[in-house]
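Enquirer: I'd like to ask you about the structure that follows.
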Amino acid sequence: MQIATAHGAAAFLPALKRLLAMPLYTSVLYLWGNMLVVAIAGLVFWALVAALYPADQVGLAAAAISALSLLAMVSTLGLGMGLVSYLPRAGQRAPLLLNSALLAGSASSVLLAAVFLAGVSLWSPELQFLRGQALYALGFVLFVALLTVTYVQDQALIALRSARYVFVKTVVFQLTRGLLPLLLVLFLATFGIVAAMGFAGLLAALYGMWALTRAQPGYRPSFALEMAPLRRMLRFSLANHSADLSAVMPSLLLPIIVIHVLSPEAGAYFYAGWFLSQVFLGVSLYAALSLFAEGSYDAAALAALTRHALALAVGVAAAVSVVVFVSADRLLLLFGHDYSAEATDLLRLVALAGLPAAVTNVYLGVERVRRHLGWLVGTSLLVASVTLATSYVLLPSLGITGAGVGLLAGQGLGAAISAVRLPLILRSRDRQPYEGPPPGGDSPPPPPAGAPTVAVVICALNERESLSSVLPRIPDWIHEVLLVDGHSTDGTRELAQQLRPGLRILEQPGFGKGDALRHGVSQATADIVVTLDADGETDPDEIPRFLAALDQGYDFAKGSRSAFGFADKPRHRRFGNRAIATVCNILYGTRFTDLCSGYNAFWRRITERVDLWSADGWNYEPSIIARVLKAKLKMIEVPQQGGSRLGGRSKLSSWGQAFRAVWVLLRVRFSG
């Protein structure tokens with residue numbers, strides 16, 4: 001028996017060592033250490049506050065801190081989460097991207113905090129003490145800005161695989177916050193509790209700036225701001241931000257709702273049990289955040305990363321929930337007998353909610369990596385809505401325990417959705433789309449010597465206004481550039497020859513973009529054909545990303561503007577595009593997000609195996625994609641930045657093209 005045990009230990013320890021060496025586990029352990037510090041320091045802080053202040057003042061301060069935290073969360077604009085996705089591939093532009101995100105968050109925080117204080121009598125009359133003195137109002141605005149900066153810093157450090165700094169930063173914050181109530185109780189009354197958090201935020205933000213200089217080579221805090229990459233990042237981050245806000249909304253809104261529906265004193269008892277919910281939710285939130293960070297580095301390993309994250313989150317959440325459920329009444333005695341008597345049932349319900357929350361949060365982390373923002377935002381909003389609505393209805397009859405029932409109901413629904421979706425995702429054998437660098441990141445290098453030759457085909461009809469922003473940006477190593485002119489009358493041909501010496505100009509034999517595409521591709525001689533739009537909506541700098549996708553073994557790489565937004569497209573065009581993609585996904589079993597992008601790349605040899613061209617001449621992108629799918633060729637979707645038209649007006653009728661596209665998808669799918 002002893003020999004078997006020794007062998008088991010000998011086999012277990014190396015396996016454990018390998019697991020702990022994985023960045024996912026390293027990051028999670030630091031973040032869980034961070035969470036443990038928050039829990040212990042939070043208990044000490046609120047126990048001290050409960051001893052120094054009357055219950056009604058504690059309730060008001062808890063609601064004010066919740067409002068401060070909510071405003072700071074909103075003010076980040078999701079840029080912290082955007083950095084988690086983009087910093088790993090931002091290259092030399094990472095320092096500028098960091099400063100831009102921090103400055104944008106700071107500016108929005110000042111504006112939002114000022115607006116909140118101006119209308120506080122409307123949305124939370126109980127918190128009017130925040131503007132009772134000019135010093136309080138100024139301090140509140142400053143504290144919101146500082147907390148916003150610390151949030152963005154934390155997520156940037158996680159993106160840079162430097163979660164150890166987040167841990168130290170949290171220790172600095174919590175130690176400072178724990179000492180300040182003793183100093184401020186005599187001078188600032190209720191606002192002293194809020195000020196303790198604000199001054200601690202100042203020290204944490206200063207430490208965070210130093211940590212970023214250590215984690216990111218070349219970074220120095222500055223007022224440098226570049227709007228272009230920031231705007232492109234916002235297209236992704238705002239959708240994620242909606243999901244983030246939904247996740248924290250119950251925790252930050254319910255303290256305010258409780259003092260309004262019940263009383264400030266009930267708010268104090270509520271917050272004593274409720275703030276510990278951050279521990280149970282934090283177990284899985286941090287596991288999901290680490291999953292998102294690691295998935296951003298290696299999307300192909302998503303299934304394996306998800307299994308590890310799920311095992312970690314559920315296992316630890318179960319252990320923590322059992323301990324807290326059993327000892328809830330004794331934990332709350334730290335605040336006093338009244339707190340234990342009033343909040344024990346609430347804390348036990350919160351502990352139970354930690355288990356379904358673990359499944360829900362890991363699932364949402366998976367959807368972040370996959371950039372399925374509809375499921376991410378929809379699930380998050382549904383969980384938050386059920387939690388808040390159930391709590392609001394039950395608070396008058398059940399007291400603060402009603403909020404615990406609401407949390408359990410919301411997270412239970414989220415876990416049910418996750419239980420359906422996660423197995424489908426983990427069983428999926430689809431390869432992850434090639435993403436290349438993020439907006440503002442370094443471009444992939446050109447193909448090496450001896451690589452397949454590349455032809456670029458551009459269809460143009462009176463595009464003189466935009467050609468100067470397209471042709472010069474086509475890389476010099478492109479084998480041939482063909483411009484198919486559709487009988488332009490504005491000097492398009494003449495300007496093209498000036499801009500790109502050696503350009504081949506082809507006279508379109510018929511009319512329409514489909515005819516021009518067919519003619520240009522038929523005249524190309526290179527191994528690979530890349531199609532670009534002449535109006536500036538496709539960025540030639542992204543050509544290497546499409547070539548890299550083909551190099552992975554795919555026959556056809558199609559562009560998608562979905563991940564980074566559809567630029568200046570009107571709402572009806574965005575709706576039509578999604579409708580066309582949905583029809584394609586239903587008919588062909590795909591998961592495409594954009595079927596109408598003009599950015600495509602494919603091996604020229606596939607035209608010898610498949611007739612891409614329709615007999616009626618309607619050879620637009622949906623028609624070509626349908627024929628490639630019908631032939632069961634390997635196709636992949638490549639995210640592109642999706643710029644806006646640089647000049648002129650679109651030559652396509654949106655509604656007519658949409659109905660025609662749907663008809664072609666149906667016709668090709670069911671043709672012999």
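A note on labels: chains of the structure tokens are A, B, ... as shown, every chain counts residues from 1, and ligands are counted from 1 in their shown order.
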Report as a PyMOL selection string all protein, DNA and RNA residues lying within 12 Å of Gly378 (chain A), evaluated on only C-alpha atoms, omitting residues in the same chain fewer than 5 positions from it.
Expert: chain A and resi 239-240+242-244+246-247+364+367+372-373+383-385+414+417
Enquirer: How would you write, as a ChimeraX atom specification, the set of residues in region 351-556 of chain A that DSSP gives as helix (DSSP H, G or I)?
Expert: /A:351-370,373-398,401-427,464-467,471-473,492-499,513-523,540-551
Enquirer: Kindly give the distance, in Å, that separates CA of Ile625 (chain A) and CA of Pro544 (chain A), rounded to a single decimal.
Expert: 20.7 Å
Enquirer: Find the residues near Ala409 (chain A): any atom within 8 Å, counting only C-alpha atoms, skip ones fewer than 6 places away on the same chain, and give them as a list in words.
Expert: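 Result of the neighbour search: Val386, Thr387 and Thr390 of chain A.
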Enquirer: What would the file look like if the residues just selected were written as a compact mmCIF listing (two decimals), in the first residue's frame with C-alpha atoms?
Expert:
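This went into again.txt:
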```
# COMPACT_ATOMS: atom_id res chain seq x y z
CA VAL A 386 -33.50 38.30 -13.93
CA THR A 387 -31.34 38.99 -10.85
CA THR A 390 -36.50 39.12 -9.01
```
Enquirer: May I have the residues within 12 Å of Gly132 (chain A) as a list in words, using only C-alpha atoms and disregarding those fewer than 6 positions away in the same chain?
Expert: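 Using only C-alpha atoms, the neighbours found are Leu117, Ala118, Val120, Ser121, Pro125, Glu126, Leu138, Gly139, Phe140, Leu188, Thr190 and Phe191 of chain A.
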Enquirer: Grab the CA of Val172 (chain A) to CA of Ala113 (chain A) distance for me, in Å with one decimal place.
Expert: 24.7 Å
Enquirer: Name the closest residue to Leu665 (chain A) among the candidates A:Thr582, A:Ser321, A:Ser69, A:Gln640; distances are taken between atoms, counting only C-alpha atoms.
Expert: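 Residue with the minimum atom-to-atom distance to Leu665 (chain A): A:Thr582.
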Enquirer: Write out as number ranges by chain which residues come within 9 Å of region 474-490 of chain A when counting only C-alpha atoms, dropping same-chain ones fewer than 2 positions away.
Expert: A: 446-447, 453-464, 470-472, 492-493, 496, 500, 502-513, 516-517, 519-521, 523-526, 534, 539-541, 543
Enquirer: For CA of Ser263 (chain A) and CA of Tyr136 (chain A), determine how far apart the two atoms are, in Å to one decimal place.
Expert: 22.8 Å
Enquirer: Quick one: residues within 10 Å of His241 (chain A), only C-alpha atoms counted, chain neighbours fewer than 2 positions away excluded, as a PyMOL selection string?
Expert: chain A and resi 73-82+234+236-239+243-247+377
Enquirer: Can I get the selection written as an mmCIF file, in the first residue's frame, with C-alpha atoms?
Expert:
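Okay, this is what ended up in result.cif:
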```cif
data_model
loop_
_atom_site.group_PDB
_atom_site.id
_atom_site.type_symbol
_atom_site.label_atom_id
_atom_site.label_comp_id
_atom_site.auth_asym_id
_atom_site.auth_seq_id
_atom_site.Cartn_x
_atom_site.Cartn_y
_atom_site.Cartn_z
ATOM 1 C CA MET A 73 -16.817 50.587 -14.493
ATOM 2 C CA VAL A 74 -18.925 52.445 -17.045
ATOM 3 C CA SER A 75 -16.137 54.977 -17.605
ATOM 4 C CA THR A 76 -13.615 52.349 -18.695
ATOM 5 C CA LEU A 77 -15.675 52.005 -21.915
ATOM 6 C CA GLY A 78 -14.549 48.382 -21.986
ATOM 7 C CA LEU A 79 -11.056 49.497 -23.007
ATOM 8 C CA GLY A 80 -9.456 47.361 -20.303
ATOM 9 C CA MET A 81 -11.034 44.250 -21.785
ATOM 10 C CA GLY A 82 -10.111 45.497 -25.246
ATOM 11 C CA LEU A 234 -13.862 50.432 -29.142
ATOM 12 C CA PHE A 236 -14.912 45.348 -30.066
ATOM 13 C CA SER A 237 -14.598 46.589 -26.487
ATOM 14 C CA LEU A 238 -17.983 48.329 -26.216
ATOM 15 C CA ALA A 239 -19.847 45.093 -26.879
ATOM 16 C CA ALA A 243 -21.399 42.158 -20.939
ATOM 17 C CA ASP A 244 -19.027 43.332 -18.184
ATOM 18 C CA LEU A 245 -21.502 45.905 -16.922
ATOM 19 C CA SER A 246 -24.265 43.317 -16.956
ATOM 20 C CA ALA A 247 -22.120 40.997 -14.842
ATOM 21 C CA VAL A 377 -24.045 40.326 -24.384
#
```
Enquirer: So, counting only C-alpha atoms, which residue among A:Leu547, A:Leu422, A:Ala101, A:Ala62 is closest to Phe223 (chain A)?
Expert: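 Nearest to Phe223 (chain A): A:Ala101.
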Enquirer: Restricting the calculation to only C-alpha atoms: of A:Leu332, A:Ala631, A:Met209, A:Val362, which residue gets closest to Arg307 (chain A)?
Expert: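 That would be A:Val362, the residue with the smallest distance to Arg307 (chain A).
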Enquirer: I want to know what sits within 10 Å of Val405 (chain A), based on only C-alpha atoms, with residues of the same chain fewer than 4 positions away left out; could you give that as a list in words?
Expert: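 My reading of the contact set: Asp345, Leu346, Leu349, Val350, Leu352, Ala353, Thr387, Thr390, Ser391, Leu394, Leu395, Leu398, Ile400, Thr401, Ala409 and Gly410 of chain A.
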